[in-house]
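What follows is my_file23.csv (CSV, C-alpha atoms).
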```csv
chain,number,residue,atom,x,y,z
A,629,MET,CA,4.5,-0.8,9.4
A,630,ASN,CA,2.4,-3.6,10.7
A,631,SER,CA,4.7,-6.1,12.4
A,632,ASN,CA,2.1,-8.5,13.6
A,633,PRO,CA,1.8,-11.4,11.1
A,634,ALA,CA,-0.9,-13.1,13.3
A,635,ALA,CA,-3.2,-10.3,12.3
A,636,ALA,CA,-2.9,-11.3,8.7
A,637,GLY,CA,-4.8,-14.0,6.8
A,638,SER,CA,-1.8,-15.5,5.0
A,639,THR,CA,1.3,-15.7,7.1
A,640,PRO,CA,4.4,-16.9,5.1
A,641,GLY,CA,5.1,-20.5,5.7
A,642,GLN,CA,1.8,-21.2,7.4
A,643,ALA,CA,-0.8,-23.2,5.4
A,644,GLN,CA,-4.3,-22.1,6.1
A,645,THR,CA,-7.6,-23.6,5.0
A,646,PRO,CA,-9.7,-21.3,2.8
A,647,ARG,CA,-12.9,-20.3,4.6
A,648,PHE,CA,-15.0,-20.0,1.4
A,649,LYS,CA,-15.3,-22.7,-1.3
A,650,PRO,CA,-14.9,-21.6,-4.9
A,651,LEU,CA,-18.3,-20.4,-6.2
A,652,ALA,CA,-19.2,-22.1,-9.5
A,653,GLU,CA,-21.8,-20.4,-11.7
A,654,SER,CA,-24.1,-23.3,-11.2
A,655,ASP,CA,-24.1,-22.7,-7.5
A,656,MET,CA,-24.9,-19.0,-7.8
A,657,SER,CA,-28.2,-17.4,-7.1
A,658,GLU,CA,-29.6,-15.2,-9.9
A,659,ALA,CA,-28.5,-12.1,-8.0
A,660,GLN,CA,-25.0,-13.5,-7.8
A,661,ARG,CA,-24.9,-14.3,-11.5
A,662,LYS,CA,-26.2,-10.9,-12.4
A,663,ALA,CA,-23.5,-9.2,-10.2
A,664,ALA,CA,-20.8,-11.4,-11.8
A,665,ARG,CA,-22.0,-10.6,-15.3
A,666,GLU,CA,-22.0,-6.9,-14.5
A,667,LEU,CA,-18.5,-6.9,-13.3
A,668,ALA,CA,-17.3,-9.0,-16.3
A,669,SER,CA,-18.9,-6.5,-18.7
A,670,GLY,CA,-16.7,-3.7,-17.3
A,671,PRO,CA,-13.0,-2.9,-17.8
A,672,ARG,CA,-11.8,-5.9,-15.7
A,673,GLY,CA,-13.3,-8.2,-18.4
A,674,ARG,CA,-13.9,-11.2,-16.1
A,675,MET,CA,-14.5,-12.2,-12.5
A,676,ASN,CA,-11.2,-13.3,-11.1
A,677,PRO,CA,-11.9,-16.5,-9.1
A,678,ASP,CA,-8.8,-15.8,-6.9
A,679,GLY,CA,-9.7,-12.2,-6.1
A,680,PRO,CA,-11.6,-10.4,-3.4
A,681,ASN,CA,-14.7,-9.9,-5.6
A,682,ALA,CA,-15.2,-13.6,-5.8
A,683,LEU,CA,-15.5,-13.6,-2.0
A,684,LEU,CA,-17.6,-10.4,-1.9
A,685,LEU,CA,-20.1,-12.2,-4.3
A,686,ARG,CA,-21.5,-13.9,-1.2
A,687,SER,CA,-23.2,-10.5,-0.7
A,688,PRO,CA,-24.0,-9.7,-4.4
A,689,ASP,CA,-25.6,-6.3,-3.8
A,690,LEU,CA,-22.6,-5.3,-1.8
A,691,MET,CA,-20.2,-6.6,-4.4
A,692,SER,CA,-22.1,-4.9,-7.2
A,693,ARG,CA,-21.8,-1.5,-5.4
A,694,THR,CA,-18.2,-1.8,-4.2
A,695,GLN,CA,-16.8,-3.1,-7.5
A,696,LYS,CA,-18.1,0.1,-9.1
A,697,VAL,CA,-16.1,2.1,-6.6
A,698,GLY,CA,-13.1,-0.2,-7.4
A,699,GLU,CA,-13.6,0.4,-11.1
A,700,TYR,CA,-13.4,4.1,-10.6
A,701,LEU,CA,-10.3,3.9,-8.4
A,702,ARG,CA,-8.5,1.5,-10.7
A,703,TYR,CA,-9.3,3.1,-14.0
A,704,ASN,CA,-10.5,6.6,-13.5
A,705,SER,CA,-8.8,8.0,-10.5
A,706,SER,CA,-7.3,11.5,-10.7
A,707,LEU,CA,-3.9,10.0,-9.5
A,708,PRO,CA,-1.4,8.6,-12.1
A,709,SER,CA,-1.5,4.8,-12.4
A,710,ARG,CA,2.0,4.5,-11.0
A,711,LEU,CA,1.1,6.3,-7.8
A,712,ASN,CA,-2.3,4.5,-7.6
A,713,GLU,CA,-0.6,1.1,-7.8
A,714,PHE,CA,2.1,2.2,-5.3
A,715,ALA,CA,-0.6,3.2,-2.8
A,716,ILE,CA,-2.3,-0.2,-3.2
A,717,LEU,CA,1.1,-1.9,-2.5
A,718,VAL,CA,1.5,0.2,0.6
A,719,THR,CA,-1.9,-1.0,1.8
A,720,ALA,CA,-1.2,-4.6,0.9
A,721,ARG,CA,2.1,-4.5,2.9
A,722,GLN,CA,0.3,-2.9,5.9
A,723,TRP,CA,-2.2,-5.7,5.9
A,724,ASN,CA,0.2,-8.5,4.9
A,725,ALA,CA,-2.3,-9.1,2.0
A,726,GLN,CA,-0.4,-11.6,-0.1
A,727,VAL,CA,-3.1,-12.0,-2.8
A,728,GLU,CA,-3.5,-8.2,-3.1
A,729,TRP,CA,0.3,-7.7,-3.4
A,730,LEU,CA,0.7,-10.6,-6.0
A,731,ALA,CA,-2.1,-9.0,-8.1
A,732,HIS,CA,-0.9,-5.4,-8.0
A,733,HIS,CA,2.9,-5.8,-7.9
A,734,PRO,CA,3.2,-6.4,-11.7
A,735,LEU,CA,0.7,-3.7,-12.4
A,736,ALA,CA,2.8,-1.2,-10.4
A,737,LEU,CA,6.0,-2.2,-12.2
A,738,LYS,CA,4.2,-1.9,-15.6
A,739,ALA,CA,3.0,1.6,-14.6
A,740,GLY,CA,6.6,2.6,-13.9
A,741,LEU,CA,7.3,1.9,-10.3
A,742,ALA,CA,11.0,1.0,-9.8
A,743,PRO,CA,11.4,-2.7,-8.8
A,744,GLU,CA,13.8,-1.6,-6.0
A,745,VAL,CA,11.1,0.6,-4.5
A,746,ALA,CA,8.7,-2.3,-4.5
A,747,ALA,CA,11.3,-4.6,-3.0
A,748,ASP,CA,12.1,-2.3,-0.1
A,749,LEU,CA,8.4,-1.9,0.6
A,750,ALA,CA,7.9,-5.6,0.6
A,751,ARG,CA,10.6,-5.9,3.3
A,752,GLY,CA,8.8,-3.4,5.4
A,753,LEU,CA,11.4,-0.6,4.7
A,754,ARG,CA,10.8,3.0,3.7
A,755,PRO,CA,11.9,2.7,0.0
A,756,ALA,CA,15.2,4.5,-0.6
A,757,GLY,CA,14.8,5.3,-4.2
A,758,MET,CA,11.4,6.9,-4.3
A,759,LYS,CA,10.6,9.7,-6.7
A,760,ASP,CA,9.4,12.9,-5.0
A,761,ASP,CA,5.7,12.2,-5.8
A,762,GLU,CA,6.1,8.6,-4.6
A,763,ALA,CA,7.5,9.8,-1.3
A,764,ILE,CA,4.5,12.1,-0.9
A,765,ILE,CA,2.1,9.2,-1.5
A,766,TYR,CA,4.1,6.9,0.8
A,767,GLN,CA,4.1,9.4,3.6
A,768,PHE,CA,0.4,10.1,3.3
A,769,CYS,CA,-0.7,6.4,3.1
A,770,THR,CA,1.7,5.2,5.9
A,771,GLU,CA,0.6,8.0,8.2
A,772,LEU,CA,-3.1,7.2,7.5
A,773,HIS,CA,-2.6,3.5,8.2
A,774,GLU,CA,-0.5,3.9,11.3
A,775,THR,CA,-1.9,6.9,13.0
A,776,LYS,CA,-5.5,6.9,11.5
A,777,ALA,CA,-4.9,10.5,10.4
A,778,VAL,CA,-2.4,12.7,8.5
A,779,SER,CA,-0.4,15.7,9.6
A,780,ASP,CA,-0.9,19.1,8.2
A,781,PRO,CA,2.4,19.1,6.2
A,782,THR,CA,1.5,15.6,4.7
A,783,PHE,CA,-2.0,16.8,3.8
A,784,LYS,CA,-0.6,19.9,2.2
A,785,ALA,CA,2.0,18.0,0.2
A,786,VAL,CA,-0.7,15.8,-1.5
A,787,ALA,CA,-3.2,18.7,-1.9
A,788,ASP,CA,-0.5,21.0,-3.5
A,789,GLN,CA,0.5,18.3,-6.0
A,790,PHE,CA,-2.8,16.6,-6.8
A,791,GLY,CA,-5.5,18.9,-5.6
A,792,GLU,CA,-8.4,18.3,-3.3
A,793,ARG,CA,-9.8,15.6,-5.6
A,794,GLY,CA,-6.4,13.8,-5.4
A,795,VAL,CA,-6.6,13.8,-1.6
A,796,ILE,CA,-10.0,12.3,-1.6
A,797,ASP,CA,-9.2,9.8,-4.3
A,798,LEU,CA,-6.1,8.7,-2.3
A,799,ILE,CA,-8.1,8.3,0.9
A,800,ALA,CA,-10.8,6.3,-0.9
A,801,LEU,CA,-8.2,4.1,-2.6
A,802,THR,CA,-6.6,3.4,0.8
A,803,GLY,CA,-9.9,2.6,2.4
A,804,TYR,CA,-11.2,0.4,-0.5
A,805,TYR,CA,-8.0,-1.7,-0.7
A,806,THR,CA,-8.0,-2.0,3.1
A,807,MET,CA,-11.5,-3.5,2.8
A,808,LEU,CA,-10.3,-5.9,0.1
A,809,ALA,CA,-7.3,-6.9,2.2
A,810,MET,CA,-9.6,-7.6,5.1
A,811,VAL,CA,-11.9,-9.8,2.9
A,812,LEU,CA,-8.9,-11.7,1.6
A,813,ASN,CA,-7.3,-12.2,4.9
A,814,VAL,CA,-10.4,-13.2,6.8
A,815,GLY,CA,-11.4,-15.5,3.9
A,816,ARG,CA,-7.9,-17.0,3.8
A,817,GLN,CA,-7.9,-16.8,0.0
A,818,PRO,CA,-5.1,-19.0,-1.3
A,819,LEU,CA,-2.5,-17.7,-3.7
A,820,PRO,CA,-3.3,-18.7,-7.3
A,821,ASP,CA,-1.4,-21.5,-9.0
A,822,GLY,CA,0.5,-22.5,-5.9
A,823,ALA,CA,2.5,-19.3,-5.9
A,824,SER,CA,4.7,-18.6,-2.9
A,825,PRO,CA,3.8,-15.7,-0.6
A,826,PRO,CA,5.5,-12.6,-1.9
A,827,LEU,CA,5.6,-10.7,1.4
A,828,PRO,CA,7.9,-11.8,4.2
A,829,ALA,CA,6.7,-11.7,7.7
A,830,LEU,CA,7.7,-8.6,9.5
A,831,ARG,CA,9.4,-8.9,12.9
```

So, in terms of structure tokens, how does the structure I just supplied come out?
Amino acid sequence: MNSNPAAAGSTPGQAQTPRFKPLAESDMSEAQRKAARELASGPRGRMNPDGPNALLLRSPDLMSRTQKVGEYLRYNSSLPSRLNEFAILVTARQWNAQVEWLAHHPLALKAGLAPEVAADLARGLRPAGMKDDEAIIYQFCTELHETKAVSDPTFKAVADQFGERGVIDLIALTGYYTMLAMVLNVGRQPLPDGASPPLPALR
């Protein structure tokens, strides 16, 4: 688990100035307005001003393309929603991505992840109460983040349970939410509504 809070964009207890001003529609270029409308017309329903797509909108063609990848991974992945959201939380914890965690923690619980599992993960622990399929996802994602690869047994465990499509969807999910964590951390995106950072610094 990443224990270097200095590498993150939002270290608990440390106020940081956002690097991007909120982008009002009146300030957008036509390309940005088009990209924002396209996102809002999909299953998300709106452009979240606190989320990573609001930052990615500075490059509207990029945002338009990546948000479609995100739409697939959020709503059409071959992995069950509970495991999808758990993998996102693993990524958020690895990157100390406070905004990402705050957005996806309630979604994970709603999808059936046990609160105790999420709480252990937030503290940087291997969760004690994981279901068998959650343990497979945790091992795969943690190995991928920490070693930049996965072992043969870990690959086989995911492939046996979720098939080759599941392996690729899980890799893509990890990569996509890593990109979003990078965007949020570099942009120093503030937590919405004055929320407290949900992830403690890891020592």

Open item on the list: Give me, as a PyMOL selection string, all polymer residues having an atom no more than 12 Å from A:Ala756, counting only C-alpha atoms and skipping those fewer than 2 positions away in the same chain.
Closed with: chain A and resi 742-749+752-754+758-760+762-763+766

Task: Computed interatomic separation between atom CA of A:Met675 and atom CA of A:Asp821 (Å) - done: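 Rounded to one decimal, the two atoms are 16.4 Å apart.
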
- [ ] Show which residues sit within 12 Å of A:Gly822, as JSON, numbers by chain. Count only C-alpha atoms, and ignore same-chain residues fewer than 5 positions away.
- [x] {"A": [643, 678, 727, 730, 817]}

TODO: Record the distance separating atom CA of A:Val814 and atom CA of A:Ala725, expressed in Å with one decimal.
DONE: 10.3 Å

Open item on the list: Residues proximal to (-3.5, 6.6, -9.5) were defined as those with any atom within 12 Å of that point in the file's coordinates, counting all atoms listed in the file. Which are they, as a PyMOL selection string?
Closed with: chain A and resi 698-717+735-736+739-741+761-762+765+790+793-802

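Across the model, the gap from atom CA of A:Arg686 to atom CA of A:Gln644 is 20.4 Å.
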
Task: Shell of 8 Å around A:Pro826, only C-alpha atoms, local chain residues under 4 positions omitted, as a PyMOL selection string - done: chain A and resi 726+729-730+750

Residues of stretch 710-769 of chain A that have any atom at most 7 Å from an atom of stretch 808-813 of chain A: could you tabulate them with the shortest-distance atom pair and the distance in Å to one decimal, using all atoms listed in the file, ordered by chain and increasing number, as CSV?
```
residue,atom,partner,partner_atom,distance
A:Ala720,CA,A:Ala809,CA,6.6
A:Trp723,CA,A:Ala809,CA,6.4
A:Ala725,CA,A:Ala809,CA,5.5
A:Glu728,CA,A:Ala809,CA,6.6
```

Only C-alpha atoms, please: the residues just picked out, written as an mmCIF file, keeping the file's coordinate frame.
```cif
data_model
loop_
_atom_site.group_PDB
_atom_site.id
_atom_site.type_symbol
_atom_site.label_atom_id
_atom_site.label_comp_id
_atom_site.auth_asym_id
_atom_site.auth_seq_id
_atom_site.Cartn_x
_atom_site.Cartn_y
_atom_site.Cartn_z
ATOM 1 C CA ALA A 720 -1.200 -4.600 0.900
ATOM 2 C CA TRP A 723 -2.200 -5.700 5.900
ATOM 3 C CA ALA A 725 -2.300 -9.100 2.000
ATOM 4 C CA GLU A 728 -3.500 -8.200 -3.100
#
```

TODO: With a distance cut-off of 9 Å and all atoms listed in the file, select the neighbouring residues of A:Ala785, excluding the residue or stretch itself and same-chain residues fewer than 3 positions from it, and output the selection as a ChimeraX atom specification.
DONE: /A:764-765,768,780-782,788-790
